[in-house]
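Content type mmCIF, C-alpha atoms, from the file model_15.cif:
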```cif
data_run
#
loop_
_atom_site.label_atom_id
_atom_site.label_comp_id
_atom_site.auth_asym_id
_atom_site.auth_seq_id
_atom_site.Cartn_x
_atom_site.Cartn_y
_atom_site.Cartn_z
CA MET A 14 36.91 15.48 -13.61
CA ARG A 15 33.14 15.15 -13.35
CA LEU A 16 31.72 11.92 -14.74
CA GLU A 17 28.77 12.11 -17.11
CA GLN A 18 25.59 10.96 -15.42
CA THR A 19 23.81 7.90 -16.77
CA THR A 20 20.38 8.72 -18.20
CA TYR A 21 17.45 6.34 -18.08
CA ASP A 22 17.29 6.28 -21.89
CA SER A 23 20.94 5.21 -22.14
CA PHE A 24 20.38 2.60 -19.41
CA ARG A 25 17.43 1.17 -21.33
CA SER A 26 19.39 1.15 -24.58
CA ASP A 27 21.90 -1.21 -22.93
CA GLN A 28 19.20 -3.68 -21.89
CA LYS A 29 18.59 -6.98 -23.63
CA SER A 30 15.33 -8.92 -23.83
CA PHE A 31 14.29 -12.37 -22.64
CA THR A 32 10.81 -13.65 -23.44
CA SER A 33 9.61 -15.64 -20.45
CA ARG A 34 6.39 -17.64 -20.35
CA ASP A 35 4.71 -14.63 -18.70
CA GLY A 36 6.18 -11.72 -20.63
CA VAL A 37 9.36 -9.97 -21.74
CA ILE A 38 12.05 -9.40 -19.10
CA LYS A 39 14.62 -6.69 -19.76
CA TYR A 40 18.11 -7.06 -18.32
CA ILE A 41 21.63 -5.68 -18.43
CA ASP A 42 24.36 -8.18 -19.36
CA LYS A 43 27.79 -6.56 -19.40
CA GLY A 44 31.36 -7.74 -19.04
CA LYS A 45 33.19 -11.06 -19.09
CA GLY A 46 34.30 -13.33 -16.28
CA PRO A 47 32.62 -14.82 -13.19
CA VAL A 48 28.98 -13.79 -13.01
CA ILE A 49 27.41 -11.41 -10.49
CA VAL A 50 23.62 -10.96 -10.42
CA LEU A 51 22.26 -7.71 -8.95
CA LEU A 52 18.62 -8.14 -7.92
CA HIS A 53 16.38 -5.17 -7.07
CA GLY A 54 13.24 -5.06 -4.91
CA VAL A 55 9.94 -3.14 -4.78
CA PRO A 56 9.20 -0.58 -6.22
CA THR A 57 12.59 -0.21 -7.90
CA SER A 58 14.31 -1.94 -10.85
CA GLY A 59 17.80 -2.63 -12.16
CA TRP A 60 18.23 1.16 -12.33
CA LEU A 61 18.95 1.03 -8.59
CA TYR A 62 22.34 -0.57 -9.37
CA ARG A 63 23.40 1.77 -12.18
CA LYS A 64 26.34 3.17 -10.16
CA MET A 65 27.71 -0.31 -9.38
CA ILE A 66 27.58 -2.05 -12.76
CA ASP A 67 30.59 -0.56 -14.56
CA PRO A 68 32.95 -0.76 -11.53
CA LEU A 69 32.15 -4.48 -11.21
CA VAL A 70 32.62 -5.00 -14.96
CA LYS A 71 35.96 -3.18 -14.87
CA SER A 72 37.03 -5.49 -12.04
CA GLY A 73 36.67 -8.51 -14.32
CA TYR A 74 33.10 -9.70 -13.84
CA ARG A 75 30.09 -10.37 -16.00
CA VAL A 76 27.23 -8.43 -14.43
CA ILE A 77 23.57 -9.41 -14.92
CA VAL A 78 20.94 -6.91 -13.75
CA PRO A 79 17.32 -7.88 -14.47
CA ASP A 80 14.20 -5.78 -14.29
CA MET A 81 11.86 -8.34 -12.77
CA LEU A 82 8.46 -8.76 -14.42
CA GLY A 83 6.22 -5.81 -13.55
CA PHE A 84 9.12 -3.45 -12.85
CA GLY A 85 11.42 -1.16 -14.81
CA SER A 86 11.42 -1.84 -18.56
CA SER A 87 9.94 -5.34 -18.34
CA ASP A 88 6.38 -6.29 -19.24
CA SER A 89 3.53 -5.85 -16.77
CA PRO A 90 1.01 -8.55 -17.69
CA LYS A 91 -2.55 -8.68 -16.40
CA GLY A 92 -3.37 -10.52 -13.20
CA TYR A 93 -1.65 -10.54 -9.84
CA GLU A 94 -0.61 -14.10 -8.98
CA VAL A 95 1.93 -13.88 -11.80
CA TYR A 96 3.87 -11.59 -9.42
CA SER A 97 4.13 -14.11 -6.58
CA GLU A 98 7.53 -14.77 -5.03
CA GLU A 99 7.63 -18.27 -6.53
CA MET A 100 6.90 -17.02 -10.04
CA HIS A 101 9.56 -14.31 -9.85
CA ALA A 102 12.12 -16.91 -8.79
CA GLN A 103 11.16 -19.30 -11.57
CA ARG A 104 11.48 -16.59 -14.21
CA LEU A 105 14.91 -15.58 -12.93
CA LEU A 106 16.05 -19.20 -13.21
CA GLU A 107 14.63 -19.31 -16.74
CA LEU A 108 16.55 -16.16 -17.66
CA MET A 109 19.85 -17.49 -16.33
CA ASP A 110 19.33 -20.76 -18.15
CA ALA A 111 18.55 -18.90 -21.39
CA ILE A 112 21.84 -16.97 -21.21
CA SER A 113 23.78 -20.14 -20.26
CA VAL A 114 24.78 -19.12 -16.74
CA ASP A 115 24.99 -22.13 -14.41
CA SER A 116 26.16 -20.40 -11.22
CA TRP A 117 26.79 -16.93 -9.92
CA THR A 118 27.38 -14.56 -7.00
CA HIS A 119 23.95 -13.29 -6.00
CA VAL A 120 23.37 -9.77 -4.65
CA MET A 121 19.87 -8.96 -3.42
CA HIS A 122 17.98 -6.02 -1.96
CA ASP A 123 14.57 -5.45 -0.37
CA ALA A 124 11.89 -7.81 -1.82
CA GLY A 125 14.63 -9.32 -3.97
CA GLY A 126 15.37 -11.26 -0.80
CA LEU A 127 11.99 -13.00 -1.01
CA TRP A 128 12.52 -13.93 -4.67
CA THR A 129 15.98 -15.19 -3.72
CA TRP A 130 14.73 -17.42 -0.91
CA GLU A 131 12.28 -18.99 -3.36
CA LEU A 132 15.08 -19.50 -5.89
CA LEU A 133 17.31 -21.11 -3.27
CA GLU A 134 14.44 -23.37 -2.23
CA VAL A 135 14.48 -25.06 -5.63
CA ALA A 136 18.02 -24.46 -6.97
CA PRO A 137 20.53 -23.75 -4.16
CA GLU A 138 23.38 -25.07 -6.30
CA LYS A 139 23.08 -22.05 -8.60
CA VAL A 140 24.35 -19.50 -6.08
CA GLN A 141 28.06 -19.55 -5.23
CA ASN A 142 28.07 -16.54 -2.90
CA LEU A 143 25.17 -14.67 -1.31
CA VAL A 144 25.33 -10.92 -0.64
CA ILE A 145 22.48 -9.50 1.45
CA LEU A 146 21.78 -5.77 1.12
CA ASN A 147 18.93 -4.52 3.35
CA SER A 148 16.71 -7.41 2.31
CA ILE A 149 13.47 -8.93 3.57
CA ILE A 150 14.32 -12.00 5.63
CA TYR A 151 12.28 -12.45 8.82
CA GLU A 152 9.20 -10.70 10.19
CA GLU A 153 11.39 -9.12 12.89
CA GLY A 154 12.59 -5.77 11.64
CA PHE A 155 10.19 -5.69 8.66
CA ASP A 156 8.22 -2.43 8.62
CA PRO A 157 7.21 -1.57 5.02
CA PRO A 158 6.28 2.05 4.22
CA ILE A 159 2.92 0.95 2.78
CA ARG A 160 0.46 -1.84 3.56
CA PHE A 161 -2.89 -2.20 1.82
CA LYS A 162 -5.83 -4.56 2.06
CA PRO A 163 -6.59 -6.07 -1.37
CA GLY A 164 -9.39 -4.28 -3.16
CA PHE A 165 -10.68 -0.92 -4.29
CA MET A 166 -8.54 1.45 -2.20
CA ALA A 167 -5.31 -0.33 -3.12
CA ARG A 168 -6.23 -0.22 -6.80
CA VAL A 169 -7.01 3.50 -6.52
CA ALA A 170 -3.58 4.08 -4.93
CA MET A 171 -1.84 2.23 -7.77
CA TRP A 172 -3.89 4.22 -10.29
CA GLY A 173 -2.63 7.43 -8.70
CA TYR A 174 0.98 6.25 -8.89
CA ARG A 175 0.80 5.46 -12.60
CA ASN A 176 -1.27 8.47 -13.66
CA GLY A 177 1.04 11.08 -12.20
CA ILE A 178 -1.42 12.18 -9.55
CA THR A 179 0.57 10.91 -6.57
CA THR A 180 3.68 9.57 -8.34
CA ASN A 181 6.01 12.40 -7.31
CA MET A 182 4.61 12.49 -3.78
CA MET A 183 5.10 8.74 -3.31
CA LEU A 184 8.65 8.75 -4.65
CA LYS A 185 9.63 11.81 -2.63
CA GLY A 186 8.30 10.20 0.54
CA LEU A 187 10.05 6.93 -0.28
CA PHE A 188 13.43 8.53 -0.82
CA ASP A 189 13.11 11.08 1.97
CA LYS A 190 12.68 8.14 4.36
CA GLY A 191 14.98 5.75 2.51
CA LEU A 192 18.04 8.01 2.14
CA THR A 193 20.09 9.79 4.79
CA GLU A 194 19.80 12.87 2.60
CA ASN A 195 17.64 12.91 -0.51
CA THR A 196 20.04 14.37 -3.07
CA LEU A 197 18.55 12.57 -6.09
CA ASN A 198 18.22 14.86 -9.09
CA LYS A 199 15.69 14.72 -11.95
CA THR A 200 17.83 12.31 -13.95
CA ASP A 201 18.07 9.94 -10.97
CA VAL A 202 14.35 10.09 -10.24
CA GLU A 203 13.39 9.62 -13.90
CA GLY A 204 14.55 6.00 -13.76
CA TYR A 205 12.18 5.31 -10.88
CA LYS A 206 9.27 7.45 -12.06
CA ARG A 207 8.94 6.53 -15.72
CA PRO A 208 8.13 2.82 -15.18
CA LEU A 209 5.31 3.83 -12.81
CA LYS A 210 3.86 6.26 -15.35
CA GLU A 211 4.08 3.49 -17.95
CA GLY A 212 1.75 1.44 -15.77
CA LYS A 213 4.17 -0.78 -13.85
CA THR A 214 2.13 -1.07 -10.65
CA LYS A 215 0.67 -4.61 -10.71
CA GLY A 216 3.77 -6.12 -9.10
CA MET A 217 3.59 -3.39 -6.46
CA TYR A 218 -0.09 -4.17 -5.86
CA TYR A 219 0.69 -7.83 -5.20
CA PHE A 220 3.55 -6.99 -2.87
CA PHE A 221 1.78 -4.35 -0.80
CA THR A 222 -1.55 -6.23 -0.55
CA GLN A 223 -0.33 -9.82 -0.25
CA THR A 224 3.30 -10.18 0.78
CA CYS A 225 3.34 -7.29 3.26
CA ASN A 226 0.30 -8.68 5.08
CA ALA A 227 1.48 -12.29 5.23
CA LEU A 228 5.25 -12.53 5.00
CA PRO A 229 6.30 -16.05 3.96
CA GLU A 230 8.22 -18.13 6.52
CA TYR A 231 11.65 -18.94 5.12
CA GLN A 232 13.70 -19.68 8.22
CA PRO A 233 13.70 -23.51 7.94
CA MET A 234 14.95 -23.21 4.35
CA ILE A 235 17.48 -20.48 5.18
CA GLN A 236 19.01 -22.73 7.84
CA LYS A 237 19.82 -25.27 5.11
CA ILE A 238 21.78 -22.83 2.95
CA GLU A 239 25.46 -23.73 2.74
CA MET A 240 27.08 -21.19 0.41
CA PRO A 241 29.22 -18.33 1.82
CA ALA A 242 27.09 -15.32 2.74
CA MET A 243 27.74 -11.74 3.76
CA ILE A 244 25.63 -8.83 5.04
CA ILE A 245 25.94 -5.20 3.92
CA TRP A 246 23.30 -3.07 5.64
CA GLY A 247 22.39 0.57 6.08
CA LYS A 248 21.97 0.71 9.84
CA ASN A 249 19.50 3.60 9.82
CA ASP A 250 16.98 1.82 7.60
CA THR A 251 13.49 2.21 9.07
CA PHE A 252 11.84 -0.10 6.51
CA LEU A 253 14.13 -3.05 7.22
CA GLN A 254 15.97 -3.04 10.53
CA LEU A 255 18.90 -5.40 10.94
CA GLU A 256 19.27 -5.36 14.73
CA PRO A 257 16.08 -7.34 15.58
CA GLN A 258 17.09 -10.15 13.22
CA GLN A 259 20.88 -9.99 13.06
CA GLU A 260 21.62 -12.68 15.65
CA ALA A 261 19.21 -15.17 14.06
CA LEU A 262 20.42 -14.36 10.54
CA GLN A 263 24.09 -14.81 11.37
CA LYS A 264 23.35 -18.06 13.18
CA ASP A 265 21.09 -19.45 10.45
CA LEU A 266 23.50 -18.61 7.62
CA ARG A 267 26.67 -19.12 9.70
CA ILE A 268 27.93 -15.64 8.84
CA ALA A 269 31.08 -14.57 10.66
CA ASP A 270 31.25 -11.11 12.23
CA LYS A 271 33.95 -10.13 9.71
CA ASP A 272 31.40 -10.61 6.92
CA VAL A 273 28.86 -8.21 8.45
CA HIS A 274 29.27 -4.62 7.26
CA ILE A 275 26.96 -2.04 8.82
CA MET A 276 27.04 1.30 7.01
CA GLU A 277 26.03 4.83 7.91
CA ALA A 278 23.13 4.81 5.47
CA LYS A 279 19.42 4.05 5.25
CA HIS A 280 17.50 1.72 2.91
CA PHE A 281 18.76 2.57 -0.56
CA ILE A 282 22.44 1.94 0.10
CA GLN A 283 23.17 1.54 -3.62
CA GLU A 284 22.37 5.25 -4.00
CA GLU A 285 24.33 6.31 -0.91
CA LYS A 286 27.40 4.04 -0.87
CA PRO A 287 27.80 2.35 -4.28
CA GLN A 288 31.60 2.33 -4.44
CA GLU A 289 31.98 1.05 -0.89
CA ILE A 290 29.52 -1.78 -1.59
CA VAL A 291 31.41 -2.75 -4.75
CA GLN A 292 34.69 -2.98 -2.85
CA MET A 293 33.10 -5.08 -0.09
CA ILE A 294 31.59 -7.48 -2.62
CA LEU A 295 34.89 -7.85 -4.49
CA ALA A 296 36.81 -8.50 -1.27
CA PHE A 297 34.25 -11.11 -0.18
CA ILE A 298 34.32 -12.98 -3.50
CA LYS A 299 38.12 -13.09 -3.54
CA GLN A 300 38.65 -14.17 0.07
#
```
As structure tokens, the full file:
Amino acid sequence: MRLEQTTYDSFRSDQKSFTSRDGVIKYIDKGKGPVIVLLHGVPTSGWLYRKMIDPLVKSGYRVIVPDMLGFGSSDSPKGYEVYSEEMHAQRLLELMDAISVDSWTHVMHDAGGLWTWELLEVAPEKVQNLVILNSIIYEEGFDPPIRFKPGFMARVAMWGYRNGITTNMMLKGLFDKGLTENTLNKTDVEGYKRPLKEGKTKGMYYFFTQTCNALPEYQPMIQKIEMPAMIIWGKNDTFLQLEPQQEALQKDLRIADKDVHIMEAKHFIQEEKPQEIVQMILAFIKQ
């Protein structure tokens, strides 16, 4: 039996709202039980995890999936420093406090890794288990698809993304490189395209002009992390390569080989292997 595909409108209708000091953050909050947070990166949103939410809920978990400020359905306020790694982390902590969640299993992807390191810098006690999906960690292996110098040309590029001029071209290039085979249909792509055409590019601007040109140094902090951690990685990812950083990462986080899962996939593993990732996360939490 073919399952009905989730539309972006139905996904948005399930989202709740949290008014942070900087703007409204939209988020999914489904299920009951121990909490799992699914954190996206750039330029995606909670939509990236749409295929994983219900299976985790049906397995007895409460699943929280935010659209970070500047992405997805959330607000995109003026300015750029509001999209710094530290500010993203602080707002996520504010959200979790507002919905009375004291601790959780934390799943991160892409730039969500940077926001996570900042969160763990100030509140490591909040995260019970850490699940790393093709995330930004060290400079080794980090090769983003776009880097801009701050200024006119970068702003022109963002203007093109949100005005439909280069939106389709950018997304097609992103997924052609980020998926083993780009089989996304119009319904899939709509959830990535519509936020851009609604003007959600300021967070992207900050990331591609600031973060990508001066990646923060998190290794001393990462070495202090004590919660159980696991790695799930698409081995053919050209944006974020595991091999150059795997030895250091496993040593710094004391991750056993049995908790490293390397998949035949590229960057967007939630699109390619959602069910396999869910089963790996569940097995890790229960061990």
Take the PyMOL selection byres ((chain A and resi 90) around 10), run it mentally on this structure, and tell me the resulting residues as a list in words.
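Residues picked by the PyMOL selection byres ((chain A and resi 90) around 10): Asp35, Gly36, Val37, Leu82, Gly83, Ser87, Asp88, Ser89, Lys91, Gly92, Tyr93, Val95, Tyr96, Lys213, Lys215 and Gly216 of chain A.
Across A:Phe281, A:Phe220, A:Trp128, A:Phe161, the tightest approach to Ala102 of chain A is made by A:Trp128 when counting all atoms listed in the file.
Atom CA of Lys190 of chain A is positioned 13.1 Å from atom CA of Lys248 of chain A.
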Please write the residues picked by the PyMOL selection byres ((chain A and resi 31) around 12) on this file as number ranges by chain.
A: 28-30, 32-42, 79-82, 86-88, 104-112
Produce the centre coordinates and the three edge lengths, each in Å to one decimal, of the box along x, y and z that contains all listed atoms of segment 236-251 of chain A with 5 Å added on each side, as JSON.
```
{"center_x": 21.4, "center_y": -10.8, "center_z": 5.1, "size_x": 25.7, "size_y": 38.9, "size_z": 19.4}
```
Within 12 Å of segment 224-247 of chain A, which residues of segment 55-105 of chain A come that close, and what is the closest atom pair and distance in Å for each? Count only C-alpha atoms and give it as a Markdown table.
```
| residue | atom | partner | partner_atom | distance |
| --- | --- | --- | --- | --- |
| A:Val55 | CA | A:Thr224 | CA | 11.2 |
| A:Tyr93 | CA | A:Thr224 | CA | 11.7 |
| A:Glu94 | CA | A:Thr224 | CA | 11.2 |
| A:Tyr96 | CA | A:Thr224 | CA | 10.3 |
| A:Ser97 | CA | A:Thr224 | CA | 8.4 |
| A:Glu98 | CA | A:Thr224 | CA | 8.5 |
| A:Glu99 | CA | A:Pro229 | CA | 10.8 |
```
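The smallest atom-to-atom distance between Arg63 of chain A and any of A:Lys162, A:Lys43, A:Arg207, A:Lys299, using all atoms listed in the file, is found for A:Lys43.
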Between A:Phe221, A:Leu192, A:Asn181, A:Leu132, which is the closest to Gly164 of chain A once you count all atoms listed in the file?
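Among the listed residues, the smallest separation from Gly164 of chain A belongs to A:Phe221.
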Given the point (10.4, -7.6, -4.4) in the coordinates of this file, which residues lie within 6 Å, counting all atoms listed in the file, and how would they look as a count of residues only?
4
